[in-house]
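Okay, coords-v5.cif now, which holds mmCIF, C-alpha atoms:
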```
data_start
loop_
_atom_site.label_atom_id
_atom_site.label_comp_id
_atom_site.auth_asym_id
_atom_site.auth_seq_id
_atom_site.Cartn_x
_atom_site.Cartn_y
_atom_site.Cartn_z
CA MET Q 1 89.96 76.94 138.76
CA PRO Q 2 93.24 74.92 138.95
CA PRO Q 3 96.58 76.78 138.55
CA LEU Q 4 97.38 75.07 135.22
CA THR Q 5 94.07 76.24 133.76
CA ARG Q 6 94.79 79.79 134.90
CA TRP Q 7 98.17 79.66 133.13
CA TYR Q 8 96.60 78.23 129.98
CA ILE Q 9 93.85 80.84 129.86
CA LYS Q 10 96.02 83.84 130.73
CA SER Q 11 98.59 82.73 128.15
CA ALA Q 12 95.77 82.31 125.62
CA LEU Q 13 94.62 85.87 126.26
CA ILE Q 14 98.14 87.20 125.75
CA TYR Q 15 98.43 85.25 122.47
CA LEU Q 16 95.09 86.67 121.30
CA ALA Q 17 96.34 90.22 121.87
CA ALA Q 18 99.69 89.38 120.22
CA ALA Q 19 97.99 87.76 117.21
CA LEU Q 20 95.67 90.72 116.67
CA PHE Q 21 98.55 93.18 117.01
CA LEU Q 22 100.56 91.21 114.46
CA ALA Q 23 97.51 91.10 112.17
CA LEU Q 24 97.34 94.89 112.36
CA VAL Q 25 101.04 95.24 111.53
CA LEU Q 26 100.78 92.78 108.62
CA ALA Q 27 97.79 94.70 107.25
CA LEU Q 28 99.81 97.90 106.88
CA PRO Q 29 100.37 98.94 103.25
CA ALA Q 30 103.66 98.22 101.50
CA SER Q 31 104.49 101.93 101.77
CA ALA Q 32 104.95 101.42 105.52
CA ASN Q 33 108.32 99.79 104.67
CA LEU Q 34 108.12 97.08 107.28
CA PRO Q 35 111.26 95.04 107.90
CA LEU Q 36 111.41 91.88 105.79
CA PHE Q 37 111.42 89.86 109.05
CA ILE Q 38 107.84 91.04 109.75
CA ARG Q 39 106.66 90.20 106.23
CA TYR Q 40 107.56 86.55 106.88
CA MET Q 41 105.34 86.41 109.97
CA ASN Q 42 102.03 85.62 108.27
CA PRO Q 43 102.08 81.91 109.25
CA ALA Q 44 103.17 82.95 112.75
CA TYR Q 45 100.05 85.14 112.98
CA PHE Q 46 97.75 82.21 112.11
CA HIS Q 47 99.46 79.96 114.62
CA LEU Q 48 99.52 82.55 117.39
CA PHE Q 49 95.76 82.73 116.89
CA LEU Q 50 94.89 79.05 116.41
CA VAL Q 51 97.48 77.37 118.63
CA GLY Q 52 98.24 80.14 121.12
CA TRP Q 53 94.69 81.39 121.59
CA VAL Q 54 92.11 78.81 120.45
CA THR Q 55 93.86 75.51 121.25
CA GLN Q 56 95.36 76.76 124.49
CA MET Q 57 92.00 78.09 125.67
CA ILE Q 58 90.41 74.71 124.87
CA PHE Q 59 93.20 72.86 126.73
CA GLY Q 60 92.69 75.07 129.78
CA VAL Q 61 88.94 74.57 129.86
CA ILE Q 62 89.24 70.80 129.28
CA TYR Q 63 91.74 70.49 132.14
CA TRP Q 64 89.38 72.41 134.39
CA MET Q 65 85.97 71.01 133.48
CA PHE Q 66 86.37 67.39 132.46
CA PRO Q 67 85.10 64.70 134.85
CA ILE Q 68 87.57 63.87 137.62
CA ILE Q 69 89.71 60.77 137.17
CA THR Q 70 90.40 59.75 140.80
CA ARG Q 71 89.97 61.50 144.13
CA ALA Q 72 93.72 61.38 144.73
CA GLN Q 73 94.52 62.84 141.28
CA PRO Q 74 91.29 64.50 140.12
CA ARG Q 75 92.85 65.82 136.92
CA GLY Q 76 95.32 63.03 136.27
CA ASN Q 77 99.05 63.58 136.38
CA ALA Q 78 99.39 67.34 136.93
CA ARG Q 79 103.10 67.21 136.11
CA LEU Q 80 102.25 65.91 132.64
CA GLY Q 81 99.88 68.86 132.24
CA TRP Q 82 102.68 71.31 133.06
CA VAL Q 83 105.02 69.52 130.67
CA SER Q 84 102.43 69.84 127.91
CA TYR Q 85 101.93 73.55 128.69
CA GLY Q 86 105.69 74.19 128.59
CA LEU Q 87 106.25 72.23 125.38
CA LEU Q 88 103.39 73.98 123.59
CA ASN Q 89 104.50 77.48 124.53
CA VAL Q 90 108.24 77.02 123.98
CA GLY Q 91 107.51 75.31 120.65
CA LEU Q 92 105.16 78.05 119.52
CA LEU Q 93 107.53 80.87 120.49
CA LEU Q 94 110.44 79.11 118.75
CA ARG Q 95 108.30 78.97 115.62
CA VAL Q 96 107.38 82.65 115.83
CA ILE Q 97 111.08 83.57 116.00
CA GLY Q 98 112.47 80.83 113.76
CA GLU Q 99 110.13 81.04 110.78
CA PRO Q 100 110.94 84.64 109.79
CA LEU Q 101 114.63 84.03 110.54
CA VAL Q 102 114.66 81.14 108.07
CA GLY Q 103 112.66 83.24 105.59
CA VAL Q 104 115.01 86.22 105.72
CA ARG Q 105 118.30 84.28 105.89
CA PRO Q 106 117.70 80.77 104.53
CA GLU Q 107 121.46 80.21 104.23
CA ALA Q 108 122.20 80.99 107.90
CA GLY Q 109 121.38 77.51 109.20
CA PHE Q 110 118.42 78.33 111.45
CA GLY Q 111 116.33 75.50 109.95
CA TRP Q 112 116.90 73.32 113.00
CA LEU Q 113 114.90 75.87 115.06
CA LEU Q 114 111.79 74.98 113.06
CA ALA Q 115 112.40 71.24 113.42
CA VAL Q 116 112.72 71.65 117.21
CA ALA Q 117 109.62 73.88 117.33
CA ALA Q 118 107.68 71.25 115.37
CA LEU Q 119 108.80 68.44 117.66
CA LEU Q 120 107.99 70.38 120.85
CA GLN Q 121 104.47 71.29 119.72
CA TRP Q 122 103.78 67.74 118.55
CA LEU Q 123 104.95 66.38 121.91
CA ALA Q 124 102.71 68.92 123.66
CA ALA Q 125 99.63 67.59 121.83
CA VAL Q 126 100.61 63.97 122.53
CA THR Q 127 101.18 64.60 126.25
CA PHE Q 128 97.91 66.50 126.56
CA VAL Q 129 95.95 63.65 124.94
CA ILE Q 130 97.69 61.11 127.20
CA LEU Q 131 96.87 63.29 130.23
CA THR Q 132 93.19 63.67 129.29
CA MET U 1 79.48 63.39 130.26
CA PRO U 2 76.93 62.06 127.72
CA ARG U 3 77.97 59.36 125.27
CA LEU U 4 77.66 61.66 122.24
CA SER U 5 80.01 64.21 123.80
CA GLN U 6 82.49 61.42 124.42
CA TRP U 7 82.37 60.51 120.71
CA PHE U 8 82.87 64.11 119.63
CA ILE U 9 85.73 64.75 122.03
CA ARG U 10 87.55 61.46 121.41
CA ALA U 11 87.28 62.05 117.66
CA ALA U 12 88.50 65.64 118.19
CA PHE U 13 91.57 64.35 120.04
CA MET U 14 92.33 61.99 117.16
CA TYR U 15 92.17 64.92 114.73
CA LEU U 16 94.31 67.03 117.08
CA LEU U 17 97.01 64.38 116.89
CA LEU U 18 96.62 63.98 113.12
CA GLY U 19 96.64 67.74 112.54
CA PHE U 20 99.65 68.36 114.80
CA THR U 21 101.54 65.45 113.20
CA VAL U 22 101.01 66.82 109.69
CA GLY U 23 101.71 70.36 110.92
CA ALA U 24 104.93 69.30 112.64
CA LEU U 25 106.14 67.61 109.45
CA LEU U 26 105.30 70.72 107.41
CA LEU U 27 107.06 73.05 109.86
CA ALA U 28 110.13 70.83 110.11
CA HIS U 29 110.16 70.63 106.30
CA LYS U 30 110.40 74.44 106.14
CA GLY U 31 113.59 74.29 108.16
CA ILE U 32 115.08 71.01 106.97
CA PRO U 33 113.61 69.87 103.62
CA LEU U 34 112.14 66.38 103.98
CA HIS U 35 110.04 65.70 100.87
CA PRO U 36 108.51 68.12 98.31
CA ALA U 37 105.18 66.24 98.28
CA LEU U 38 104.59 67.23 101.93
CA TRP U 39 103.06 70.55 100.88
CA SER U 40 100.06 68.73 99.38
CA TRP U 41 99.12 67.90 102.99
CA LEU U 42 98.62 71.56 103.94
CA PRO U 43 94.83 71.50 103.22
CA ALA U 44 94.52 68.30 105.30
CA HIS U 45 96.43 69.98 108.16
CA ILE U 46 94.00 72.92 108.11
CA GLU U 47 90.93 70.67 107.78
CA PHE U 48 91.96 68.33 110.59
CA LEU U 49 92.60 71.19 113.00
CA LEU U 50 89.78 73.60 112.13
CA PHE U 51 86.91 71.16 111.61
CA GLY U 52 88.23 67.96 113.15
CA TRP U 53 89.63 69.54 116.30
CA VAL U 54 88.16 73.01 116.97
CA VAL U 55 84.63 72.54 115.60
CA GLN U 56 84.27 69.00 116.89
CA VAL U 57 85.54 69.64 120.43
CA THR U 58 83.27 72.71 120.62
CA MET U 59 80.21 70.70 119.54
CA GLY U 60 81.04 67.97 122.05
CA MET U 61 81.42 70.45 124.89
CA ALA U 62 78.27 72.34 123.87
CA PHE U 63 76.15 69.16 123.78
CA TRP U 64 77.41 68.42 127.28
CA ILE U 65 77.15 71.80 129.03
CA LEU U 66 74.40 73.85 127.37
CA PRO U 67 71.33 74.20 129.65
CA ARG U 68 69.30 70.99 129.91
CA TYR U 69 65.54 70.62 130.12
CA TRP U 70 63.88 69.74 133.43
CA GLN U 71 61.91 66.90 131.81
CA GLN U 72 63.10 63.97 129.65
CA PRO U 73 64.73 64.03 127.21
CA ARG U 74 66.97 66.54 128.96
CA ARG U 75 68.95 67.09 125.74
CA PRO U 76 66.28 67.26 123.01
CA HIS U 77 66.64 65.50 119.67
CA PRO U 78 69.97 63.77 120.28
CA GLU U 79 69.49 62.05 116.91
CA PHE U 80 70.19 65.43 115.25
CA VAL U 81 73.54 65.53 117.01
CA THR U 82 74.34 61.94 116.01
CA ILE U 83 73.64 62.90 112.39
CA ALA U 84 75.82 66.01 112.81
CA PHE U 85 78.68 63.86 114.15
CA VAL U 86 78.52 61.42 111.24
CA LEU U 87 78.17 64.13 108.58
CA LEU U 88 80.90 66.34 110.01
CA ASN U 89 83.40 63.49 109.94
CA LEU U 90 82.28 62.37 106.49
CA GLY U 91 82.64 65.97 105.26
CA ILE U 92 86.16 66.30 106.66
CA TRP U 93 87.35 63.20 104.77
CA LEU U 94 85.58 64.24 101.56
CA VAL U 95 87.40 67.59 101.72
CA VAL U 96 90.72 65.87 102.40
CA ALA U 97 90.05 63.46 99.49
CA GLY U 98 89.28 66.40 97.21
CA THR U 99 92.31 68.49 98.20
CA THR U 100 95.23 66.41 99.45
CA PHE U 101 94.38 63.24 97.51
CA ARG U 102 92.90 65.02 94.43
CA ALA U 103 90.16 62.39 94.18
CA GLY U 104 88.03 64.51 91.84
CA PRO U 105 86.55 67.98 91.35
CA TRP U 106 83.32 67.21 93.27
CA PHE U 107 84.85 65.94 96.48
CA LEU U 108 85.70 69.38 97.87
CA PRO U 109 82.30 71.06 97.23
CA THR U 110 80.45 67.90 98.37
CA GLY U 111 82.55 67.80 101.53
CA ARG U 112 81.83 71.44 102.28
CA ALA U 113 78.09 70.87 101.67
CA VAL U 114 78.07 67.85 103.98
CA GLU U 115 79.86 69.89 106.67
CA GLY U 116 77.25 72.63 106.23
CA VAL U 117 74.40 70.15 106.70
CA ALA U 118 76.19 68.78 109.79
CA ALA U 119 76.32 72.30 111.24
CA ALA U 120 72.62 72.80 110.44
CA PHE U 121 71.66 69.60 112.29
CA PHE U 122 73.76 70.65 115.28
CA ASP U 123 72.15 74.11 115.25
CA LEU U 124 68.68 72.54 115.13
CA HIS U 125 69.51 70.72 118.35
CA ALA U 126 71.39 73.47 120.16
CA TRP U 127 69.24 76.49 119.30
CA ARG U 128 66.49 75.75 121.83
CA ARG U 129 69.00 75.03 124.58
CA ILE U 130 70.39 78.57 124.49
CA ILE U 131 68.02 79.89 127.15
CA SER U 132 68.03 81.51 130.58
CA ARG U 133 67.33 79.66 133.83
CA GLU U 134 63.72 80.85 133.55
CA GLY U 135 63.41 79.25 130.14
CA THR U 136 63.26 82.48 128.15
#
```
What does the file become when written as structure tokens?
Amino acid sequence: MPPLTRWYIKSALIYLAAALFLALVLALPASANLPLFIRYMNPAYFHLFLVGWVTQMIFGVIYWMFPIITRAQPRGNARLGWVSYGLLNVGLLLRVIGEPLVGVRPEAGFGWLLAVAALLQWLAAVTFVILT
Amino acid sequence: MPRLSQWFIRAAFMYLLLGFTVGALLLAHKGIPLHPALWSWLPAHIEFLLFGWVVQVTMGMAFWILPRYWQQPRRPHPEFVTIAFVLLNLGIWLVVAGTTFRAGPWFLPTGRAVEGVAAAFFDLHAWRRIISREGT
């Protein structure tokens, strides 16, 4: 199993645990008096699950199992793969932090965090498709 | 990789790009308002990524790597999988027409029904390939 696949799959497993933990916290009754920041994390939960866990697991398996491209570069440009991995994870984590920040303090000017998170994740998908 | 898997996976990559593009616009719009009509694309974002990307890439991979028969055809009833491919993609666009484009009240239920039939055709193919090395 190539190193990039190991990083994708181990990261995916961490995101699965994080998503399920967040789901548990979000399921607590209103009487639990959770901070408002947590209440704004519902979309983050979905995206930890579907981008962090499902999509990242698929990317890792595709990178590992797809037919080789050339003998010299069996999985294409490995550097592009690492770039895609980095963009996806930084973008996703920025979203997880930025979305509740914008929800709790919309006037504080954190909106650019979400725009950057969006751009990074979009670039991650584009680079992965180019790589594959 | 068999031709049908190539179709599924190439289509899945197209939906990945579509879904991430719509999703990126929606997320950016949360931080820096772009256009109020963007929110009508939320159902398309979900449809493209759940059915277009996740379901389709999974079907493509499954058609490729599930155990094959020793005799021809090694992947039985490939026509079922071709039908599943066509119906799944038709269903996705019917759902998008019914939700994002508000084409009419029957588009969404018809799209879901077509997606269900697509899944049934795929299951008909895949069910008998879920076996041990001894064929049990």
Residues around (102.8, 64.1, 117.8), cut-off 10 Å, counting all atoms listed in the file - what are they as a compact mmCIF listing (two decimals) with C-alpha atoms, in the frame of the given file?
```txt
# COMPACT_ATOMS: atom_id res chain seq x y z
CA ALA Q 118 107.68 71.25 115.37
CA LEU Q 119 108.80 68.44 117.66
CA LEU Q 120 107.99 70.38 120.85
CA GLN Q 121 104.47 71.29 119.72
CA TRP Q 122 103.78 67.74 118.55
CA LEU Q 123 104.95 66.38 121.91
CA ALA Q 124 102.71 68.92 123.66
CA ALA Q 125 99.63 67.59 121.83
CA VAL Q 126 100.61 63.97 122.53
CA THR Q 127 101.18 64.60 126.25
CA VAL Q 129 95.95 63.65 124.94
CA LEU U 16 94.31 67.03 117.08
CA LEU U 17 97.01 64.38 116.89
CA LEU U 18 96.62 63.98 113.12
CA GLY U 19 96.64 67.74 112.54
CA PHE U 20 99.65 68.36 114.80
CA THR U 21 101.54 65.45 113.20
CA VAL U 22 101.01 66.82 109.69
CA GLY U 23 101.71 70.36 110.92
CA ALA U 24 104.93 69.30 112.64
CA LEU U 25 106.14 67.61 109.45
```
**Message:** For a quick test of understanding: name the residues of chain Q lying within 12 Å of chain U when counting only C-alpha atoms, and present them as a PyMOL selection string.
**Reply:** chain Q and resi 43-44+46-47+49-51+53-59+61-62+65-68+88+91-92+94-96+98-103+105-132
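Computed from the coordinates, the atom CA of U:Glu115 to atom CA of U:Leu94 distance equals 9.5 Å.
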**atom CA of Q:Ala18 to atom CA of Q:Val90, distance in Å rounded to a single decimal** =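 About the pair atom CA of Q:Ala18 and atom CA of Q:Val90: they are 15.5 Å apart.
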Please write as a PDB file with C-alpha atoms, keeping the file's coordinate frame the list of polymer residues whose atoms come within 8 Å of (97.7, 85.8, 120.1), counting only C-alpha atoms and keeping to the coordinates of the file.
```
ATOM      1  CA  ALA Q  12      95.770  82.310 125.620  1.00  0.00           C
ATOM      2  CA  LEU Q  13      94.620  85.870 126.260  1.00  0.00           C
ATOM      3  CA  ILE Q  14      98.140  87.200 125.750  1.00  0.00           C
ATOM      4  CA  TYR Q  15      98.430  85.250 122.470  1.00  0.00           C
ATOM      5  CA  LEU Q  16      95.090  86.670 121.300  1.00  0.00           C
ATOM      6  CA  ALA Q  17      96.340  90.220 121.870  1.00  0.00           C
ATOM      7  CA  ALA Q  18      99.690  89.380 120.220  1.00  0.00           C
ATOM      8  CA  ALA Q  19      97.990  87.760 117.210  1.00  0.00           C
ATOM      9  CA  LEU Q  20      95.670  90.720 116.670  1.00  0.00           C
ATOM     10  CA  TYR Q  45     100.050  85.140 112.980  1.00  0.00           C
ATOM     11  CA  LEU Q  48      99.520  82.550 117.390  1.00  0.00           C
ATOM     12  CA  PHE Q  49      95.760  82.730 116.890  1.00  0.00           C
ATOM     13  CA  GLY Q  52      98.240  80.140 121.120  1.00  0.00           C
ATOM     14  CA  TRP Q  53      94.690  81.390 121.590  1.00  0.00           C
TER      15      TRP Q  53
END
```
**Asked** Do you have the atom CA of U:Ser132-atom CA of U:Phe63 distance handy?
**Response**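 So the two atoms, atom CA of U:Ser132 and atom CA of U:Phe63, lie 16.3 Å apart.
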Can you give me, as a PDB file with C-alpha atoms, in the coordinates of the input, the residues this file yields under the PyMOL selection byres ((chain U and resi 78) around 12)?
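In the end it all went to expr-v7.pdb:
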```pdb
ATOM      1  CA  PRO U   2      76.930  62.060 127.720  1.00  0.00           C
ATOM      2  CA  ARG U   3      77.970  59.360 125.270  1.00  0.00           C
ATOM      3  CA  LEU U   4      77.660  61.660 122.240  1.00  0.00           C
ATOM      4  CA  SER U   5      80.010  64.210 123.800  1.00  0.00           C
ATOM      5  CA  GLY U  60      81.040  67.970 122.050  1.00  0.00           C
ATOM      6  CA  PHE U  63      76.150  69.160 123.780  1.00  0.00           C
ATOM      7  CA  TRP U  64      77.410  68.420 127.280  1.00  0.00           C
ATOM      8  CA  GLN U  72      63.100  63.970 129.650  1.00  0.00           C
ATOM      9  CA  PRO U  73      64.730  64.030 127.210  1.00  0.00           C
ATOM     10  CA  ARG U  74      66.970  66.540 128.960  1.00  0.00           C
ATOM     11  CA  ARG U  75      68.950  67.090 125.740  1.00  0.00           C
ATOM     12  CA  PRO U  76      66.280  67.260 123.010  1.00  0.00           C
ATOM     13  CA  HIS U  77      66.640  65.500 119.670  1.00  0.00           C
ATOM     14  CA  GLU U  79      69.490  62.050 116.910  1.00  0.00           C
ATOM     15  CA  PHE U  80      70.190  65.430 115.250  1.00  0.00           C
ATOM     16  CA  VAL U  81      73.540  65.530 117.010  1.00  0.00           C
ATOM     17  CA  THR U  82      74.340  61.940 116.010  1.00  0.00           C
ATOM     18  CA  ILE U  83      73.640  62.900 112.390  1.00  0.00           C
ATOM     19  CA  ALA U  84      75.820  66.010 112.810  1.00  0.00           C
ATOM     20  CA  PHE U  85      78.680  63.860 114.150  1.00  0.00           C
ATOM     21  CA  PHE U 121      71.660  69.600 112.290  1.00  0.00           C
ATOM     22  CA  PHE U 122      73.760  70.650 115.280  1.00  0.00           C
ATOM     23  CA  ASP U 123      72.150  74.110 115.250  1.00  0.00           C
ATOM     24  CA  LEU U 124      68.680  72.540 115.130  1.00  0.00           C
ATOM     25  CA  HIS U 125      69.510  70.720 118.350  1.00  0.00           C
ATOM     26  CA  ALA U 126      71.390  73.470 120.160  1.00  0.00           C
TER      27      ALA U 126
END
```
Any chance you could work out the residue set of the PyMOL selection byres ((chain U and resi 97) around 12) here, as a PDB file with C-alpha atoms, in the frame of the given file?
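Full text of selection03.pdb as output:
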```
ATOM      1  CA  SER U  40     100.060  68.730  99.380  1.00  0.00           C
ATOM      2  CA  TRP U  41      99.120  67.900 102.990  1.00  0.00           C
ATOM      3  CA  PRO U  43      94.830  71.500 103.220  1.00  0.00           C
ATOM      4  CA  ALA U  44      94.520  68.300 105.300  1.00  0.00           C
ATOM      5  CA  GLU U  47      90.930  70.670 107.780  1.00  0.00           C
ATOM      6  CA  LEU U  90      82.280  62.370 106.490  1.00  0.00           C
ATOM      7  CA  GLY U  91      82.640  65.970 105.260  1.00  0.00           C
ATOM      8  CA  ILE U  92      86.160  66.300 106.660  1.00  0.00           C
ATOM      9  CA  TRP U  93      87.350  63.200 104.770  1.00  0.00           C
ATOM     10  CA  LEU U  94      85.580  64.240 101.560  1.00  0.00           C
ATOM     11  CA  VAL U  95      87.400  67.590 101.720  1.00  0.00           C
ATOM     12  CA  VAL U  96      90.720  65.870 102.400  1.00  0.00           C
ATOM     13  CA  GLY U  98      89.280  66.400  97.210  1.00  0.00           C
ATOM     14  CA  THR U  99      92.310  68.490  98.200  1.00  0.00           C
ATOM     15  CA  THR U 100      95.230  66.410  99.450  1.00  0.00           C
ATOM     16  CA  PHE U 101      94.380  63.240  97.510  1.00  0.00           C
ATOM     17  CA  ARG U 102      92.900  65.020  94.430  1.00  0.00           C
ATOM     18  CA  ALA U 103      90.160  62.390  94.180  1.00  0.00           C
ATOM     19  CA  GLY U 104      88.030  64.510  91.840  1.00  0.00           C
ATOM     20  CA  PRO U 105      86.550  67.980  91.350  1.00  0.00           C
ATOM     21  CA  TRP U 106      83.320  67.210  93.270  1.00  0.00           C
ATOM     22  CA  PHE U 107      84.850  65.940  96.480  1.00  0.00           C
ATOM     23  CA  LEU U 108      85.700  69.380  97.870  1.00  0.00           C
ATOM     24  CA  PRO U 109      82.300  71.060  97.230  1.00  0.00           C
ATOM     25  CA  THR U 110      80.450  67.900  98.370  1.00  0.00           C
ATOM     26  CA  GLY U 111      82.550  67.800 101.530  1.00  0.00           C
ATOM     27  CA  ARG U 112      81.830  71.440 102.280  1.00  0.00           C
TER      28      ARG U 112
END
```
